[in-house]
Amino acid sequence: MTPAVPDLPAVPDPTVLHPFPGQPRVVLLKPLVTSPLIEVGEYSYYDDPDDPTAFETRNVLYHYGPEKLVIGRFCAFATGVRFVMNGANHRMDGPSSFPFPVMGGAWAEHFDLITGLPGRGDTVIGHDVWLGYRTTVMPGVRIGHGAIVAAGSVVTSDVPDYAVAGGNPARVIRLRHDEADIARLLDIAWWDWPVEHLTRHLRTVMSGTVDELAAAAPGA
């Protein structure tokens with residue numbers, strides 16, 4: 001008689017809202033968000049002990065469009081991460097920066113003075129990005145794949161791939177790998193691997209060398 005083969009554990013379901021059993025403070029963002037102006041990849045999560053399900057309203061601010069917030073796969077956002085979108089912009093070329101037309105009444109006839117403000121485009125967060133506690137990301141910023149941003153930072157300009165950045169305004173502190181290995185990591189793009197293949201090589205993804213990761217890539 002052929003011995004029974006035990007069932008392997010299933011890979012985590014990217015459509016489950018609360019991925020950690022008994023931890024309602026953690027939510028996967030892809031099954032949570034409903035706004036067409038927010039795009040999120042699988043397994044990216046947000047942690048908040050108060051109300052993580054209010055991410056769209058509490059953490060994505062002044063999001064009136066048309067600019068988008070684009071978040072890659074496997075991102076980790078700590079409590080209090082905020083994305084300030086282009087709708088927060090005010091005129092600065094005249095004597096006053098006050099947005100009079102939004103108050104309505106007779107002032108509303110001048111709404112063209114604020115609807116035509118220049119924007120910085122989409123805010124783009126790459127794959128495998130870790131944003132620390134109370135990080136604030138300003139409009140139109142691109143944070144590269146594999147980047148880490150320190151707690152309390154205010155990100156006003158782009159952060160390169162695999163950089164560690166911090167401060168107000170955030171500056172690059174160091175790179176996580178040398179430039180040659182960063183190029184290889186971007187080419188390997190483990191976040192695009194089929195989830196079953198990723199599961200088989202999870203220890204390499206988390207703690208292996210770049211050489212080991214390259215050897216584990218599909219088709220290698």
# chains A, B, ... in the order shown; residues from 1 in each chain; ligands from 1
$ residues_around --residues "His63 of chain A" --least-positions-apart "2" --cutoff "6 Å" --atoms "only C-alpha atoms" --output "PyMOL selection string"
chain A and resi 61+65+85+87
$ residues_around --residues "Leu175 of chain A" --least-positions-apart "4" --cutoff "9 Å" --atoms "only C-alpha atoms" --output "VMD selection string"
chain A and resid 147 160 to 165 179 182
$ residues_around --residues "Leu69 of chain A" --least-positions-apart "6" --cutoff "10 Å" --atoms "only C-alpha atoms" --output "list in words"
Ser35, Pro36, Leu37, Ile38, Glu39, Val40, Val60, His63, Phe83, Val84, Met85, Gly121, Asp122, Thr123, Val124, Ile125, Pro139, Gly140 and Val141 of chain A
$ residues_around --residues "segment 95-101 of chain A" --least-positions-apart "5" --cutoff "8 Å" --atoms "only C-alpha atoms" --output "short mmCIF file (atom, residue, chain, number, x, y, z; two decimals) with N, CA, C and O atoms, in the first residue's frame"
data_model
loop_
_atom_site.label_atom_id
_atom_site.label_comp_id
_atom_site.auth_asym_id
_atom_site.auth_seq_id
_atom_site.Cartn_x
_atom_site.Cartn_y
_atom_site.Cartn_z
N HIS A 90 -2.06 74.18 -2.74
CA HIS A 90 -2.62 75.52 -2.70
C HIS A 90 -1.83 76.42 -3.66
O HIS A 90 -0.67 76.15 -3.97
N TRP A 107 -17.71 83.17 -3.51
CA TRP A 107 -16.31 82.84 -3.77
C TRP A 107 -16.17 81.69 -4.77
O TRP A 107 -15.13 81.53 -5.41
N ALA A 108 -17.20 80.85 -4.88
CA ALA A 108 -17.12 79.66 -5.71
C ALA A 108 -16.93 79.97 -7.19
O ALA A 108 -16.45 79.13 -7.95
N GLU A 109 -17.30 81.18 -7.63
CA GLU A 109 -17.17 81.52 -9.05
C GLU A 109 -15.70 81.61 -9.47
O GLU A 109 -15.39 81.69 -10.65
N HIS A 110 -14.82 81.58 -8.50
CA HIS A 110 -13.39 81.66 -8.82
C HIS A 110 -12.70 80.29 -8.69
O HIS A 110 -11.49 80.23 -8.48
N PHE A 111 -13.51 79.23 -8.81
CA PHE A 111 -12.96 77.88 -8.60
C PHE A 111 -11.85 77.54 -9.58
O PHE A 111 -11.00 76.70 -9.31
N ILE A 114 -8.17 77.30 -8.46
CA ILE A 114 -7.55 76.18 -7.74
C ILE A 114 -7.64 74.86 -8.51
O ILE A 114 -6.87 73.95 -8.24
#
$ atom_distance --atom1 "atom CA of Arg142 of chain A" --atom2 "atom CA of Leu213 of chain A"
25.4 Å
$ atom_distance --atom1 "atom CA of Arg200 of chain A" --atom2 "atom CA of Cys75 of chain A"
20.1 Å
$ select_by_dssp --residues "segment 64-151 of chain A" --states "strand (DSSP E or B)" --output "list in words"
Leu69, Val70, Ile71, Ala76, Phe77, Arg82, Phe83, Val84, Thr123, Val124, Ile125, Trp130, Leu131, Thr136, Val137, Arg142, Ile143, Ile148 and Val149 of chain A
$ atom_distance --atom1 "atom CA of Pro14 of chain A" --atom2 "atom CA of Asn86 of chain A"
29.5 Å
$ select_by_dssp --residues "segment 25-124 of chain A" --states "alpha helix (DSSP H)" --output "list of chain:residue names"
A:Phe55, A:Glu56, A:Thr57, A:Arg58, A:Asp112, A:Leu113, A:Ile114, A:Thr115
$ residues_around --residues "Arg134 of chain A" --least-positions-apart "3" --cutoff "6 Å" --atoms "only C-alpha atoms" --output "PDB file with N, CA and C atoms, in the first residue's frame"
ATOM      1  N   GLY A  80       0.261  54.584  10.996  1.00  0.00           N
ATOM      2  CA  GLY A  80       0.398  56.019  10.791  1.00  0.00           C
ATOM      3  C   GLY A  80       1.020  56.445   9.487  1.00  0.00           C
ATOM      4  N   VAL A  81       1.318  55.502   8.580  1.00  0.00           N
ATOM      5  CA  VAL A  81       1.815  55.889   7.263  1.00  0.00           C
ATOM      6  C   VAL A  81       0.746  56.727   6.560  1.00  0.00           C
ATOM      7  N   ALA A 151      11.149  55.340  10.347  1.00  0.00           N
ATOM      8  CA  ALA A 151      10.001  55.884  11.070  1.00  0.00           C
ATOM      9  C   ALA A 151      10.076  57.401  11.165  1.00  0.00           C
ATOM     10  N   GLY A 152       8.918  58.048  11.002  1.00  0.00           N
ATOM     11  CA  GLY A 152       8.823  59.483  11.162  1.00  0.00           C
ATOM     12  C   GLY A 152       9.337  60.303  10.001  1.00  0.00           C
TER      13      GLY A 152
END
$ residues_around --residues "Ala220 of chain A" --least-positions-apart "6" --cutoff "12 Å" --atoms "only C-alpha atoms" --output "mmCIF file with C-alpha atoms, in the first residue's frame"
data_model
loop_
_atom_site.group_PDB
_atom_site.id
_atom_site.type_symbol
_atom_site.label_atom_id
_atom_site.label_comp_id
_atom_site.auth_asym_id
_atom_site.auth_seq_id
_atom_site.Cartn_x
_atom_site.Cartn_y
_atom_site.Cartn_z
ATOM 1 C CA ILE A 188 15.321 38.632 -10.908
ATOM 2 C CA ASP A 211 23.575 34.440 -6.091
ATOM 3 C CA GLU A 212 21.290 31.974 -4.318
ATOM 4 C CA LEU A 213 18.230 33.972 -5.308
ATOM 5 C CA ALA A 214 19.336 34.006 -8.948
#
$ closest_residue --among "A:Val154, A:Ala180, A:Val210, A:Ala189" --to "Val137 of chain A" --atoms "only C-alpha atoms"
A:Val154
